[in-house]
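**Q** Supplied in structure tokens, the structure appears directly below.
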Amino acid sequence: MKNIISILLVIFFTFQLNSSFAQGCEGDAATSTDSLSANKPILFGYIQPQYDYTLNDANENTLRFKRARIGVRGKIYKDFSYYFMLEASPFIGATGDAYLMDAFVTYDKHNWARISVGSFKQPFSLEVATPCHGLTTIDRSIVADQLVAPQRDFGIGLFGGNKYNKLNYAVALMNGRGLGVKDNNSKKDIIGRATYKVTNFMTIGGSIRYGFPTNDDDNRTTVGGEMALKFNNLKIQGEYIYDEGDYNRAAGGGCGATPVELGEKRDGAYIMASYETKWKIEPVFKYEYFDPNIDIKKIGYQEMMTVGANYFFNDKIRLQVNYQAHIETHINIDNDMLLAQVQVKF
């Protein structure tokens, strides 16, 4: 199965059904500034209360917030916009306190050369670029959480294109250490991503990152390919990521995911299909694998299948239910999970 998924992803690469370069959680902040008026800030946010049930001997279950975010964005003068967001969920972050997620200023006079400075998402990976409130499954893929870390950082980025253009690109120079941490070396990470809409139903793309996550000598290289298709109400998307070299063990996974120990070379992929029905129900199926150490096949290798459905009460309220079937290749563990989440946007 792993080889089949990898071949498909190499052939097709990637796609983002909505805005391709969402710097913040509200969506594509760079292209949404057209509707902003000077000196009229817009308050926005969303909350995601969630129930987790782990099917093991202890039958672990808990209620928590997946995310609880609030922000403000607006325009200052005609060519400058700002974006600011806080994470208030006590279940994300080391201390449980509210902390800064995104905060950047954008000079957006030219569509093909918008410049942002501050804290924002790394321009790498389809699922990382997808706003958290727009994810088709409750969790991002394991490979996106583990290998695109840190998902947010401080830096300066150049962005070109928008959802109306066939070509979109982004390139950023970033610290490489993540949020709330001072850079500990003199070198910076360079990260880039580009997508191209080949036809009305297919967009392809890829990402690359080269940096020094812990010091001036040990480097890290990450490459990714993306794919997405849309046939009427059927959506199919997939992604492959390969990563090698040094990594920052303190950076953590995305959105509270527990980081795992990585080998010298690691990779992973997913493919996902969903269908929008006329009854406001969207069934979804997702297969993924993650190999934290390509040189050692029997330890740490993970596969997971997610089966679920999304129900849209309206464009602001959504219910998601996912069953995650975890597949370990070396030692089988009873750790399948049933997740249910309600999301409210404002």
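Residues are named by chain letter and number: chains run A, B, ... in the order of the structure tokens, numbers start at 1 in each chain, and ligands are numbered from 1 in the order shown.
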Tell me, as a ChimeraX atom specification, which residues lie within 12 Å of segment 306-321 of chain A, counting only C-alpha atoms; anything in the same chain fewer than 5 positions away does not count.

**A** /A:44-53,133-142,270-289,326-327,336-346

**Q** Taking only C-alpha atoms into account, name the residue in A:Cys255, A:Val117, A:Met202, A:Ala103 that is nearest to Ser89 of chain A.

**A** A:Cys255

**Q** Any chance you could tabulate, as a tab-separated table, the residues of segment 236-328 of chain A at most 12 Å from segment 216-220 of chain A with each one's nearest atom pair and distance in Å to one decimal, using only C-alpha atoms, in chain and rising number order?

**A**
```
residue	atom	partner	partner_atom	distance
A:Tyr242	CA	A:Arg220	CA	10.9
A:Asp243	CA	A:Arg220	CA	7.4
A:Glu244	CA	A:Arg220	CA	5.9
A:Gly245	CA	A:Arg220	CA	4.4
A:Asp246	CA	A:Arg220	CA	5.2
A:Tyr247	CA	A:Arg220	CA	6.7
A:Asn248	CA	A:Arg220	CA	9.8
A:Glu264	CA	A:Arg220	CA	9.7
A:Lys265	CA	A:Arg220	CA	10.1
A:Arg266	CA	A:Arg220	CA	11.5
```

**Q** May I ask for the distance between atom CA of Leu86 of chain A and atom CA of Lys163 of chain A, given in Å to one decimal place?

**A**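 Atom CA of Lys163 of chain A lies 26.0 Å from atom CA of Leu86 of chain A.
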
**Q** Have a look at atom CA of Gly96 of chain A and atom CA of Gly256 of chain A and let me know their distance in Å, one decimal.

**A** 10.8 Å

**Q** Near Ile299 of chain A, counting only C-alpha atoms, which residues have an atom at most 10 Å away, once you skip same-chain residues fewer than 3 positions from it, shown as a ChimeraX atom specification?

**A** /A:291-296,302,328-331

**Q** Please compute the atom CA of Arg152 of chain A-atom CA of Asp183 of chain A distance, one decimal, in Å.

**A**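 Pair atom CA of Arg152 of chain A / atom CA of Asp183 of chain A returns 13.4 Å.
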
**Q** Got a sec to tell me which of segment 101-346 of chain A DSSP assigns to helix (DSSP H, G or I), as a ChimeraX atom specification?

**A** /A:126-129,132-134,142-147,254-256

**Q** Emit the selected residues as an mmCIF file, in the first residue's frame, including N, CA and C atoms.

**A**
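File part_26.cif, as written:
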```cif
data_model
loop_
_atom_site.group_PDB
_atom_site.id
_atom_site.type_symbol
_atom_site.label_atom_id
_atom_site.label_comp_id
_atom_site.auth_asym_id
_atom_site.auth_seq_id
_atom_site.Cartn_x
_atom_site.Cartn_y
_atom_site.Cartn_z
ATOM 1 N N LEU A 126 0.437 21.216 1.848
ATOM 2 C CA LEU A 126 -0.979 21.465 1.608
ATOM 3 C C LEU A 126 -1.783 21.502 2.891
ATOM 4 N N GLU A 127 -1.630 20.488 3.741
ATOM 5 C CA GLU A 127 -2.447 20.436 4.956
ATOM 6 C C GLU A 127 -2.069 21.513 5.960
ATOM 7 N N VAL A 128 -0.802 21.883 6.023
ATOM 8 C CA VAL A 128 -0.404 22.967 6.919
ATOM 9 C C VAL A 128 -0.998 24.280 6.443
ATOM 10 N N ALA A 129 -1.042 24.485 5.126
ATOM 11 C CA ALA A 129 -1.617 25.710 4.575
ATOM 12 C C ALA A 129 -3.128 25.768 4.757
ATOM 13 N N CYS A 132 -7.150 25.689 9.993
ATOM 14 C CA CYS A 132 -7.553 24.643 10.932
ATOM 15 C C CYS A 132 -9.069 24.419 10.933
ATOM 16 N N HIS A 133 -9.840 25.472 10.708
ATOM 17 C CA HIS A 133 -11.292 25.320 10.695
ATOM 18 C C HIS A 133 -11.802 24.766 9.365
ATOM 19 N N GLY A 134 -10.891 24.598 8.378
ATOM 20 C CA GLY A 134 -11.276 24.067 7.082
ATOM 21 C C GLY A 134 -10.779 22.666 6.806
ATOM 22 N N ILE A 142 -0.326 12.612 10.073
ATOM 23 C CA ILE A 142 0.804 12.435 10.987
ATOM 24 C C ILE A 142 2.063 13.048 10.394
ATOM 25 N N VAL A 143 2.281 12.843 9.086
ATOM 26 C CA VAL A 143 3.509 13.335 8.472
ATOM 27 C C VAL A 143 3.577 14.862 8.484
ATOM 28 N N ALA A 144 2.446 15.544 8.292
ATOM 29 C CA ALA A 144 2.437 17.003 8.341
ATOM 30 C C ALA A 144 2.718 17.510 9.745
ATOM 31 N N ASP A 145 2.157 16.842 10.747
ATOM 32 C CA ASP A 145 2.390 17.257 12.133
ATOM 33 C C ASP A 145 3.824 17.006 12.581
ATOM 34 N N GLN A 146 4.415 15.895 12.133
ATOM 35 C CA GLN A 146 5.727 15.516 12.641
ATOM 36 C C GLN A 146 6.893 16.109 11.840
ATOM 37 N N LEU A 147 6.753 16.232 10.529
ATOM 38 C CA LEU A 147 7.885 16.667 9.714
ATOM 39 C C LEU A 147 7.849 18.144 9.349
ATOM 40 N N GLY A 254 2.501 19.630 15.275
ATOM 41 C CA GLY A 254 1.499 20.653 15.028
ATOM 42 C C GLY A 254 0.282 20.514 15.917
ATOM 43 N N CYS A 255 -0.272 21.641 16.374
ATOM 44 C CA CYS A 255 -1.521 21.689 17.139
ATOM 45 C C CYS A 255 -1.535 20.715 18.313
ATOM 46 N N GLY A 256 -0.420 20.647 19.027
ATOM 47 C CA GLY A 256 -0.377 19.839 20.233
ATOM 48 C C GLY A 256 0.021 18.396 20.036
#
```

**Q** Between A:Ala250, A:Ile241, A:Leu234, A:Leu179, which is the closest to Gly206 of chain A once you count only C-alpha atoms?

**A**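 Going through A:Ala250, A:Ile241, A:Leu234, A:Leu179 one by one, the smallest distance to Gly206 of chain A is for A:Ile241.
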
**Q** Neighbours of Glu261 of chain A within 8 Å (only C-alpha atoms; same-chain residues fewer than 2 positions away dropped), as a PyMOL selection string?

**A** chain A and resi 249+259+263+292

**Q** Got time to write the residues from that selection, N, CA and C atoms, as a PDB file, in the first residue's frame?

**A**
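Final output, saved to again04.pdb:
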```
ATOM      1  N   ARG A 249      14.331  19.017  18.396  1.00  0.00           N
ATOM      2  CA  ARG A 249      13.480  18.139  19.204  1.00  0.00           C
ATOM      3  C   ARG A 249      12.535  18.901  20.115  1.00  0.00           C
ATOM      4  N   PRO A 259       5.647  15.069  19.678  1.00  0.00           N
ATOM      5  CA  PRO A 259       6.723  14.764  18.729  1.00  0.00           C
ATOM      6  C   PRO A 259       7.331  13.395  19.008  1.00  0.00           C
ATOM      7  N   GLY A 263      14.762   9.408  12.819  1.00  0.00           N
ATOM      8  CA  GLY A 263      16.047   8.934  12.337  1.00  0.00           C
ATOM      9  C   GLY A 263      16.667   9.938  11.387  1.00  0.00           C
ATOM     10  N   PRO A 292       9.237   7.253  10.704  1.00  0.00           N
ATOM     11  CA  PRO A 292      10.174   8.185  11.342  1.00  0.00           C
ATOM     12  C   PRO A 292      11.638   7.839  11.126  1.00  0.00           C
TER      13      PRO A 292
END
```

**Q** Using the chain letters and numbers from this document, which residues of segment 227-318 of chain A does DSSP assign to strand (DSSP E or B), as JSON, numbers by chain?

**A** {"A": [227, 228, 229, 230, 231, 234, 235, 236, 237, 238, 239, 240, 241, 242, 243, 244, 245, 265, 266, 267, 268, 269, 270, 271, 272, 273, 274, 275, 281, 282, 283, 284, 285, 286, 287, 288, 289, 290, 291, 302, 303, 304, 305, 306, 307, 308, 309, 310, 311, 312, 317, 318]}

**Q** Go through A:Ser207, A:Asn162, A:Thr221, A:Asn200 one by one, measure the shortest atom-to-atom distance of each to Asp108 of chain A using only C-alpha atoms, and give the residue with the smallest value.

**A** A:Asn162

**Q** Can you pull out every residue within 6 Å of segment 109-111 of chain A, counting only C-alpha atoms, but drop anything in the same chain fewer than 6 positions away, and send it as a PyMOL selection string?

**A** chain A and resi 79+160-161
